[in-house]
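Below is final.cif, holding mmCIF, C-alpha atoms.
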```cif
data_query
loop_
_atom_site.label_atom_id
_atom_site.label_comp_id
_atom_site.auth_asym_id
_atom_site.auth_seq_id
_atom_site.Cartn_x
_atom_site.Cartn_y
_atom_site.Cartn_z
CA MET A 754 0.00 0.00 0.00
CA ALA A 755 1.34 3.45 -0.91
CA PRO A 756 2.50 5.57 2.07
CA THR A 757 -0.12 8.29 1.40
CA LEU A 758 -2.99 5.78 1.24
CA PHE A 759 -1.70 4.00 4.33
CA ALA A 760 -1.54 7.31 6.23
CA ILE A 761 -5.17 8.05 5.32
CA TYR A 762 -6.24 4.52 6.26
CA PHE A 763 -4.38 4.65 9.56
CA SER A 764 -5.82 8.08 10.40
CA VAL A 765 -9.28 6.51 10.07
CA VAL A 766 -8.20 3.79 12.52
CA MET A 767 -6.89 6.44 14.93
CA ARG A 768 -10.14 8.42 14.74
CA ASP A 769 -12.13 5.28 15.46
CA ALA A 770 -9.88 4.33 18.38
CA LEU A 771 -9.59 7.72 20.10
CA GLU A 772 -13.08 9.09 19.43
CA TYR A 773 -14.12 8.80 23.07
CA CYS A 774 -10.74 9.57 24.67
CA HIS A 775 -11.14 12.98 26.31
CA ASP A 776 -8.35 12.98 28.93
CA GLN A 777 -5.80 14.70 26.71
CA ILE A 778 -3.03 17.28 27.17
CA GLN A 779 -4.73 20.70 27.28
CA LEU A 780 -3.13 23.88 25.96
CA ASN A 781 -4.31 27.49 26.11
CA VAL A 782 -3.69 29.28 22.81
CA ARG A 783 -3.90 32.98 21.92
CA THR A 784 -2.28 34.30 18.74
CA ASP A 785 -3.61 37.87 18.65
CA LYS A 786 -0.74 39.19 20.84
CA GLY A 787 3.03 38.83 21.00
CA VAL A 788 4.53 35.45 21.74
CA PHE A 789 6.51 36.93 24.68
CA ASP A 790 3.48 38.71 26.17
CA ILE A 791 2.61 36.37 29.05
CA SER A 792 -0.23 38.61 30.25
CA ARG A 793 -2.30 37.63 27.21
CA PHE A 794 -3.28 34.37 28.93
CA ARG A 795 -5.08 36.25 31.74
CA ALA A 796 -8.00 37.05 29.44
CA LYS A 797 -9.82 33.74 29.77
CA THR A 798 -12.57 34.65 27.29
CA LYS A 799 -10.10 35.19 24.43
CA LEU A 800 -8.27 31.90 24.86
CA THR A 801 -8.66 28.87 22.62
CA LYS A 802 -8.22 25.46 24.21
CA ILE A 803 -6.70 22.69 22.13
CA SER A 804 -6.08 19.05 23.02
CA ILE A 805 -3.09 17.04 21.90
CA LEU A 806 -3.21 13.27 22.06
CA GLU A 807 -1.34 11.93 19.06
CA ILE A 808 1.12 12.99 16.37
CA LEU A 809 0.66 11.03 13.15
CA TYR A 810 3.33 10.86 10.44
CA ALA A 811 3.06 8.37 7.54
CA ASP A 812 2.99 4.92 9.20
CA ASP A 813 4.31 6.17 12.58
CA VAL A 814 2.16 7.41 15.43
CA CYS A 815 3.16 8.93 18.77
CA LEU A 816 0.58 8.82 21.57
CA MET A 817 1.06 11.34 24.38
CA SER A 818 -0.42 11.72 27.85
CA ASP A 819 0.52 13.22 31.19
CA ASN A 820 -0.98 10.23 33.01
CA LEU A 821 0.05 6.59 32.63
CA THR A 822 -3.48 5.35 33.32
CA TYR A 823 -4.90 7.45 30.50
CA LEU A 824 -2.14 6.29 28.18
CA GLN A 825 -3.07 2.67 28.88
CA LYS A 826 -6.67 3.49 27.90
CA TYR A 827 -5.48 5.02 24.61
CA VAL A 828 -3.35 1.98 23.79
CA ASP A 829 -6.21 -0.41 24.60
CA ALA A 830 -8.60 1.59 22.40
CA LEU A 831 -6.08 1.61 19.56
CA HIS A 832 -5.51 -2.14 19.93
CA GLN A 833 -9.24 -2.89 19.70
CA SER A 834 -9.63 -0.58 16.70
CA CYS A 835 -6.71 -2.28 14.90
CA ILE A 836 -8.36 -5.66 15.43
CA ARG A 837 -11.62 -4.38 13.88
CA PHE A 838 -9.74 -3.08 10.82
CA GLY A 839 -7.54 -6.16 10.45
CA LEU A 840 -4.30 -4.57 11.68
CA VAL A 841 -1.83 -5.70 14.33
CA ILE A 842 0.29 -3.58 16.69
CA SER A 843 3.88 -4.85 16.62
CA ILE A 844 5.11 -5.26 20.20
CA ALA A 845 8.75 -5.37 19.02
CA LYS A 846 8.45 -2.00 17.24
CA THR A 847 6.43 -0.19 19.92
CA GLN A 848 8.25 1.54 22.75
CA ILE A 849 7.36 3.76 25.67
CA LEU A 850 9.35 6.80 26.79
CA LYS A 851 8.69 8.39 30.18
CA GLN A 852 9.64 12.02 30.74
CA PRO A 853 9.14 12.80 34.46
CA SER A 854 9.02 16.31 35.84
CA ARG A 855 12.18 17.75 37.29
CA GLY A 856 12.88 16.27 40.71
CA HIS A 857 10.42 13.38 40.26
CA GLU A 858 11.29 9.71 39.86
CA LEU A 859 10.13 7.48 37.02
CA ASP A 860 6.85 5.64 37.47
CA LYS A 861 7.50 1.91 37.84
CA GLU A 862 4.27 0.94 36.09
CA THR A 863 4.34 0.20 32.38
CA VAL A 864 1.95 0.12 29.43
CA LYS A 865 0.77 -3.20 28.00
CA VAL A 866 -0.66 -4.30 24.66
CA ASP A 867 -2.83 -7.40 24.82
CA GLY A 868 -1.31 -8.20 28.21
CA LYS A 869 2.29 -7.91 26.97
CA PRO A 870 4.41 -5.06 28.44
CA LEU A 871 6.01 -2.58 26.07
CA GLU A 872 9.73 -1.96 26.11
CA GLU A 873 10.75 1.12 28.11
CA VAL A 874 13.60 3.16 26.66
CA THR A 875 15.55 6.23 27.73
CA HIS A 876 15.64 7.61 24.19
CA PHE A 877 14.29 6.76 20.75
CA LYS A 878 14.29 8.13 17.22
CA TYR A 879 11.24 9.93 15.88
CA LEU A 880 11.36 11.61 12.45
CA GLY A 881 15.15 11.39 12.51
CA SER A 882 15.60 13.12 15.88
CA ASN A 883 16.80 11.43 19.05
CA ILE A 884 14.37 12.20 21.89
CA ARG A 885 15.53 11.60 25.48
CA ASN A 886 13.58 11.11 28.68
CA ASP A 887 15.31 14.13 30.29
CA ASN A 888 14.45 16.48 27.37
CA THR A 889 18.10 17.33 26.70
CA LEU A 890 20.26 17.14 23.58
CA ALA A 891 22.79 14.81 25.21
CA SER A 892 22.07 12.10 22.61
CA GLU A 893 21.02 14.22 19.65
CA ILE A 894 24.16 16.35 19.29
CA PRO A 895 26.66 13.42 19.41
CA LEU A 896 24.49 11.61 16.86
CA ARG A 897 24.44 14.65 14.55
CA ILE A 898 28.23 15.01 14.86
CA ALA A 899 28.77 11.28 14.19
CA ASN A 900 26.61 11.35 11.04
CA ALA A 901 28.28 14.51 9.74
CA ALA A 902 31.75 13.11 10.52
CA ALA A 903 30.97 9.90 8.61
CA THR A 904 29.93 11.88 5.53
CA PHE A 905 32.94 14.17 5.85
CA GLY A 906 35.26 11.16 6.07
CA ARG A 907 33.82 9.51 2.96
CA LEU A 908 34.61 12.65 0.95
CA ASN A 909 38.12 13.01 2.32
CA ASP A 910 40.09 11.48 -0.55
CA ARG A 911 37.91 12.53 -3.49
CA VAL A 912 37.06 16.09 -2.43
CA TRP A 913 38.92 17.57 0.52
CA ARG A 914 42.37 16.20 -0.46
CA SER A 915 41.92 16.72 -4.18
CA HIS A 916 44.21 19.26 -5.90
CA ASP A 917 41.85 19.57 -8.89
CA ILE A 918 38.93 21.11 -6.98
CA LYS A 919 38.83 24.77 -6.08
CA LEU A 920 38.57 25.81 -2.45
CA GLN A 921 35.22 27.54 -2.97
CA THR A 922 33.82 24.34 -4.52
CA LYS A 923 34.95 22.36 -1.48
CA ILE A 924 33.26 24.87 0.83
CA ASN A 925 30.05 24.61 -1.21
CA VAL A 926 30.15 20.81 -0.99
CA TYR A 927 30.65 21.11 2.76
CA LYS A 928 27.63 23.41 3.00
CA ALA A 929 25.47 21.12 0.88
CA LEU A 930 26.37 17.69 2.32
CA VAL A 931 27.88 18.03 5.79
CA LEU A 932 26.18 21.02 7.42
CA PRO A 933 22.60 19.76 6.74
CA LEU A 934 23.44 16.52 8.55
CA LEU A 935 25.08 18.37 11.41
CA MET A 936 22.16 20.77 11.93
CA TYR A 937 19.22 18.53 11.04
CA GLY A 938 16.27 19.68 13.16
CA ALA A 939 18.33 22.50 14.71
CA GLU A 940 15.45 24.94 14.17
CA THR A 941 13.64 23.34 17.13
CA TRP A 942 16.61 22.78 19.44
CA CYS A 943 16.80 24.36 22.89
CA LEU A 944 20.54 25.00 22.98
CA TYR A 945 22.83 25.70 25.90
CA LYS A 946 26.23 27.32 25.41
CA SER A 947 27.96 23.97 25.98
CA ASP A 948 25.92 22.43 23.13
CA VAL A 949 26.91 25.22 20.75
CA LYS A 950 30.57 24.76 21.74
CA LYS A 951 30.51 21.05 20.84
CA LEU A 952 29.05 21.78 17.41
CA ASP A 953 31.43 24.68 16.83
CA THR A 954 34.45 22.52 17.69
CA PHE A 955 33.50 19.97 15.02
CA HIS A 956 32.66 22.75 12.52
CA LEU A 957 36.08 24.39 12.90
CA ARG A 958 37.88 21.05 12.75
CA CYS A 959 36.24 20.34 9.39
CA LEU A 960 37.14 23.78 8.04
CA ARG A 961 40.76 23.38 9.15
CA SER A 962 40.92 20.05 7.35
CA ILE A 963 39.49 21.57 4.15
CA LEU A 964 41.89 24.52 4.33
CA ARG A 965 44.79 22.18 5.25
CA ILE A 966 45.63 24.16 8.37
CA LYS A 967 47.46 22.22 11.08
CA TRP A 968 47.59 23.15 14.73
CA GLN A 969 51.32 23.77 14.38
CA ASP A 970 50.53 26.68 12.03
CA ARG A 971 49.09 28.60 14.99
CA VAL A 972 46.17 30.00 12.99
CA SER A 973 43.31 31.30 15.14
CA ASN A 974 39.71 30.15 14.74
CA THR A 975 38.66 33.62 13.64
CA GLU A 976 41.19 33.51 10.81
CA VAL A 977 39.92 30.07 9.76
CA LEU A 978 36.37 31.42 9.48
CA ARG A 979 37.52 34.45 7.50
CA ARG A 980 39.57 32.37 5.06
CA SER A 981 36.66 30.02 4.44
CA ASN A 982 34.12 32.87 4.34
CA MET A 983 31.93 30.93 6.77
CA TYR A 984 29.95 31.81 9.90
CA GLY A 985 30.59 30.24 13.25
CA MET A 986 28.15 27.63 14.48
CA GLU A 987 26.30 30.04 16.78
CA ALA A 988 25.48 32.35 13.88
CA LEU A 989 24.40 29.44 11.66
CA LEU A 990 22.08 28.08 14.35
CA MET A 991 20.73 31.55 15.02
CA GLN A 992 19.98 32.08 11.34
CA ARG A 993 18.09 28.78 11.06
CA GLN A 994 15.98 29.35 14.16
CA LEU A 995 15.01 32.90 13.23
CA ARG A 996 13.93 31.78 9.75
CA TRP A 997 11.89 28.91 11.18
CA CYS A 998 10.12 31.15 13.73
CA GLY A 999 9.22 33.57 10.95
CA HIS A 1000 7.81 30.65 8.95
CA VAL A 1001 5.73 29.51 11.95
CA LEU A 1002 4.41 33.05 12.46
CA ARG A 1003 3.11 33.18 8.88
CA MET A 1004 1.24 29.87 9.24
CA ASP A 1005 -2.53 29.78 9.60
CA ASN A 1006 -3.77 29.89 13.18
CA HIS A 1007 -5.19 26.36 12.99
CA ARG A 1008 -1.78 24.80 12.22
CA LEU A 1009 -0.36 22.80 15.15
CA PRO A 1010 3.19 24.31 15.16
CA LYS A 1011 1.82 27.84 15.45
CA ALA A 1012 -0.73 26.84 18.06
CA ILE A 1013 1.99 25.29 20.25
CA PHE A 1014 4.33 28.26 19.67
CA TYR A 1015 1.64 30.65 20.98
CA SER A 1016 0.42 28.45 23.83
CA GLU A 1017 1.01 27.49 27.43
CA MET A 1018 -0.04 24.49 29.47
CA ALA A 1019 -3.59 24.77 30.78
CA GLU A 1020 -2.51 23.27 34.13
CA GLY A 1021 0.68 23.42 36.14
CA LYS A 1022 3.33 26.06 36.64
CA ARG A 1023 7.09 26.37 36.72
CA LYS A 1024 8.85 25.94 40.04
CA GLN A 1025 10.93 28.66 41.64
CA GLY A 1026 14.69 28.62 41.29
CA GLY A 1027 16.86 27.53 38.39
CA GLN A 1028 14.87 26.49 35.36
CA TYR A 1029 15.52 24.48 32.24
CA LEU A 1030 15.81 26.63 29.15
CA ARG A 1031 12.67 26.85 27.06
CA TYR A 1032 12.55 27.29 23.32
CA LYS A 1033 11.26 30.84 23.71
CA ASP A 1034 14.17 31.68 26.02
CA VAL A 1035 16.68 30.65 23.36
CA PHE A 1036 14.69 32.47 20.68
CA LYS A 1037 14.66 35.70 22.71
CA ARG A 1038 18.41 35.36 23.30
CA HIS A 1039 18.99 35.09 19.56
CA LEU A 1040 16.78 38.09 18.83
CA LYS A 1041 18.68 40.27 21.29
CA ALA A 1042 22.04 39.07 19.97
CA CYS A 1043 20.95 40.15 16.47
CA GLY A 1044 19.75 43.54 17.67
CA ILE A 1045 16.07 42.76 16.97
CA HIS A 1046 13.67 43.89 19.70
CA PRO A 1047 11.45 41.02 20.93
CA THR A 1048 8.32 43.16 20.48
CA ASP A 1049 9.12 44.05 16.86
CA TRP A 1050 10.06 40.72 15.33
CA GLU A 1051 6.48 39.65 14.53
CA ARG A 1052 5.83 42.80 12.53
CA LEU A 1053 9.07 42.29 10.59
CA ALA A 1054 8.52 38.57 10.02
CA LEU A 1055 5.12 39.00 8.37
CA ASN A 1056 6.94 39.95 5.16
CA ARG A 1057 9.01 36.90 4.20
CA SER A 1058 11.54 38.60 1.92
CA SER A 1059 12.03 41.52 4.32
CA TRP A 1060 12.46 39.14 7.27
CA ARG A 1061 15.09 37.05 5.47
CA LYS A 1062 16.98 40.21 4.53
CA THR A 1063 16.84 41.44 8.13
CA ILE A 1064 18.15 38.11 9.40
CA TYR A 1065 20.96 38.07 6.85
CA GLU A 1066 22.15 41.59 7.70
CA ASN A 1067 21.84 41.28 11.48
CA VAL A 1068 23.44 37.83 11.71
CA LYS A 1069 26.30 39.04 9.53
CA LEU A 1070 26.79 42.05 11.83
CA PHE A 1071 26.64 39.78 14.89
CA GLU A 1072 29.32 37.49 13.46
CA GLU A 1073 31.61 40.40 12.57
CA LYS A 1074 31.35 41.80 16.10
CA ARG A 1075 31.92 38.36 17.61
CA LEU A 1076 35.08 37.77 15.58
CA GLU A 1077 36.40 41.24 16.41
CA ALA A 1078 35.77 40.65 20.12
CA LEU A 1079 37.58 37.29 19.97
CA ASP A 1080 40.54 38.88 18.16
CA GLU A 1081 40.73 41.65 20.74
CA LYS A 1082 40.56 39.16 23.59
CA ARG A 1083 43.31 37.07 22.02
CA GLN A 1084 45.51 40.12 21.52
CA LEU A 1085 45.08 41.22 25.13
CA ARG A 1086 45.97 37.73 26.30
CA LYS A 1087 49.15 37.77 24.21
CA GLU A 1088 50.15 41.22 25.46
CA ARG A 1089 49.59 40.34 29.09
CA PRO A 1090 52.96 40.22 30.85
CA LYS A 1091 53.98 36.88 32.23
CA PRO A 1092 53.83 36.92 36.03
CA SER A 1093 56.94 36.18 38.02
CA TYR A 1094 56.73 34.21 41.25
CA ASN A 1095 59.10 33.93 44.16
CA TYR A 1096 59.31 30.20 44.73
CA THR A 1097 59.80 29.40 48.40
CA LEU A 1098 61.12 26.09 49.67
CA ASN A 1099 60.67 24.54 53.09
CA SER A 1100 63.28 22.63 55.05
CA ALA A 1101 62.48 19.47 53.06
CA GLY A 1102 63.15 21.25 49.77
CA GLN A 1103 59.47 21.36 48.75
CA LEU A 1104 57.53 24.27 47.26
CA PHE A 1105 55.19 25.80 49.82
CA CYS A 1106 52.96 28.86 50.22
CA SER A 1107 54.21 31.23 52.91
CA THR A 1108 50.63 32.41 53.54
CA CYS A 1109 48.88 29.11 54.24
CA ASP A 1110 51.88 26.67 54.39
CA ARG A 1111 50.42 24.49 51.64
CA VAL A 1112 52.94 22.20 49.93
CA PHE A 1113 53.04 21.78 46.12
CA LYS A 1114 54.62 19.15 43.89
CA SER A 1115 54.90 21.35 40.77
CA LYS A 1116 55.58 24.98 39.91
CA LEU A 1117 52.37 25.10 37.89
CA GLY A 1118 50.25 24.27 40.93
CA PHE A 1119 52.14 26.79 43.02
CA ALA A 1120 51.63 29.57 40.45
CA SER A 1121 47.93 28.82 40.17
CA HIS A 1122 47.59 28.93 43.96
CA ILE A 1123 49.36 32.31 44.18
CA ARG A 1124 47.05 33.76 41.48
CA ALA A 1125 44.06 32.57 43.53
CA HIS A 1126 45.44 34.38 46.59
CA ALA A 1127 45.87 37.56 44.55
CA ARG A 1128 42.21 37.52 43.43
CA ARG A 1129 40.90 37.38 47.00
#
```

So, in terms of structure tokens, how does the structure I just supplied come out?
Amino acid sequence: MAPTLFAIYFSVVMRDALEYCHDQIQLNVRTDKGVFDISRFRAKTKLTKISILEILYADDVCLMSDNLTYLQKYVDALHQSCIRFGLVISIAKTQILKQPSRGHELDKETVKVDGKPLEEVTHFKYLGSNIRNDNTLASEIPLRIANAAATFGRLNDRVWRSHDIKLQTKINVYKALVLPLLMYGAETWCLYKSDVKKLDTFHLRCLRSILRIKWQDRVSNTEVLRRSNMYGMEALLMQRQLRWCGHVLRMDNHRLPKAIFYSEMAEGKRKQGGQYLRYKDVFKRHLKACGIHPTDWERLALNRSSWRKTIYENVKLFEEKRLEALDEKRQLRKERPKPSYNYTLNSAGQLFCSTCDRVFKSKLGFASHIRAHARR
């Protein structure tokens, strides 16, 4: 059966199975005000409530619930519906992923199909992305780097090491074949600085290999980016996310991505103290880094061509300032005079600190300790 026909047929099965399932994840949606305007959810009469139970894609389906008992009801209903339509749920291909709230332990109960328990996993692939039970990118980023590195390695002899291909052609091949694998799904990532650093390290290593720059040449990362006429990874990720958010803004209000983008959970609230980064937090950080005010971006993004031009100019300006700041920081570090230390020895001939009488085995440890004293 063709994938399109199967998707239509399976959607009929899903409708039949989940017709009477009402205990779904509830979201409050309001798209008539800014996405960062939290006060818009106080007007209860202007809110639209939507329910999310399943995400259907071709022959894959993802059932979601915030309660394990409800999820068991959904699976039972789907199992009975599949029997009526002559389908079978494969136990070997069906998995369950639990994502507990911060500070809560995993529920020991499991979901069963026809009395057989489903396999519980800590992460699984869905639409090419690696989803974890702790909602982090700890598995996704290493997987992206591994896939990109495999592709880069296969092109090593024929492209990167070839003397018959121009440098600009090699850079274009890198942009077309390696970067898409490295940043697949990056538009929806919630990135920490450490995640960006991992991606940037791989990105610069690839560019150094293409440019044939060794570490002995003592060429800075900023010079590598300028020679290759490429942005750093932070600017590339920023550009992708801003474009995607503009695309979501221009969607119709009934589309699910826009509804989720302009929504909040109908129940529950965030705890006090340190919080996990949300997608909107990263998006606001990127807007400010590009010099775009968070209250103006929606007006600018309504015009697609104007929004893309704004992103191009502001990201380019951001990257230029970033490289200049890194060059200045590097220059100041090189000009900083080397400190001189008076090494003191005790009666046993060991290095020791005259202030706290601590003994050191190496001069490096002693110098680091003295610098710590000076900062106090």

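Proximity ranking of A:Pro1010, A:Gly1027, A:Gly787, A:Gly1044 relative to Ile805 (chain A) places A:Pro1010 first, based on only C-alpha atoms.
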
field: Interatomic distance, CA of Ser1121 (chain A) to CA of Leu1104 (chain A) (Å, one decimal)
entry: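 For CA of Ser1121 (chain A) relative to CA of Leu1104 (chain A), the distance reads 12.8 Å.
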
Find the residues around Ala901 (chain A) up to 6 Å (only C-alpha atoms counted), leave out those fewer than 3 positions away in its own chain, and share them as a PDB file with C-alpha atoms, keeping the file's coordinate frame.
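Below is the file around_39.pdb, written as the result:
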```pdb
ATOM      1  CA  ILE A 898      28.230  15.010  14.860  1.00  0.00           C
ATOM      2  CA  THR A 904      29.930  11.880   5.530  1.00  0.00           C
ATOM      3  CA  VAL A 931      27.880  18.030   5.790  1.00  0.00           C
ATOM      4  CA  LEU A 934      23.440  16.520   8.550  1.00  0.00           C
ATOM      5  CA  LEU A 935      25.080  18.370  11.410  1.00  0.00           C
TER       6      LEU A 935
END
```

Around all listed atoms of region 970-984 of chain A, padded 5 Å per side, what centre and edge lengths does the axis-aligned box have in Å to one decimal, as AutoDock Vina command-line options?
```
--center_x 40.2 --center_y 30.6 --center_z 9.7 --size_x 30.6 --size_y 17.8 --size_z 20.8
```

field: Proximity to Lys1074 (chain A) - best of A:Cys1043, A:Ala1101, A:Val864, A:Ile844, only C-alpha atoms
entry: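 Using only C-alpha atoms, the shortest distance to Lys1074 (chain A) belongs to A:Cys1043.
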
- request: Can you work out the spacing between CA of Trp942 (chain A) and CA of Leu816 (chain A) in Å, to one decimal?
  value: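 So the answer is 21.4 Å.
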
message: Residues within 8 Å of (30.4, 27.6, 15.7), file coordinates, counting all atoms listed in the file: what are they? Give the list as a PyMOL selection string.
response: chain A and resi 949-950+952-954+956-957+984-989

Atomic separation - CA of Thr1097 (chain A) relative to CA of Ile1123 (chain A), Å: 11.6 Å

- request: Using all atoms listed in the file, pick whichever of A:Ser962, A:Thr1063, A:Ser892, A:Gln994 has the shortest atom-to-atom distance to Thr941 (chain A).
  value: A:Gln994

Could you list, with a cut-off of 8 Å and counting all atoms listed in the file, the residues of region 941-1032 of chain A near region 1051-1059 of chain A, each shown with its nearest atom pair and the distance in Å rounded to one decimal, rows sorted by chain and ascending number, as a Markdown table?
```
| residue | atom | partner | partner_atom | distance |
| --- | --- | --- | --- | --- |
| A:Gly999 | CA | A:Ala1054 | CA | 5.1 |
| A:His1000 | CA | A:Arg1057 | CA | 7.9 |
| A:Leu1002 | CA | A:Glu1051 | CA | 7.2 |
| A:Arg1003 | CA | A:Leu1055 | CA | 6.2 |
```

message: Once the PyMOL selection byres ((chain A and resi 790) around 12) has been evaluated on this model, what residues remain selected, and can you format them as number ranges by chain?
response: A: 783-789, 791-795, 1015-1017, 1033, 1047-1048

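Restricting the calculation to all atoms listed in the file, the smallest distance between Ala830 (chain A) and any of A:Arg1061, A:Val977, A:Asp867, A:Lys1087 is found for A:Asp867.
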
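Remark: for Phe1113 (chain A), the closest of the candidate residues A:Met936, A:Thr889, A:Leu1098, A:His1126 is A:Leu1098 (distances computed over only C-alpha atoms).
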
- request: Select, from A:Asp948, A:Asp769, A:Asp829, A:Asp1049, the residue with the minimum atom-to-atom distance to Ala891 (chain A), counting only C-alpha atoms.
  value: A:Asp948

message: Show me, as a list in words, the residues that have an atom within 12 Å of Asn1095 (chain A) when counting only C-alpha atoms, minus same-chain residues fewer than 5 positions from it.
response: Leu1104, Phe1105, Cys1106, Ser1107, Lys1116, Phe1119, Ala1120 and Ile1123 of chain A
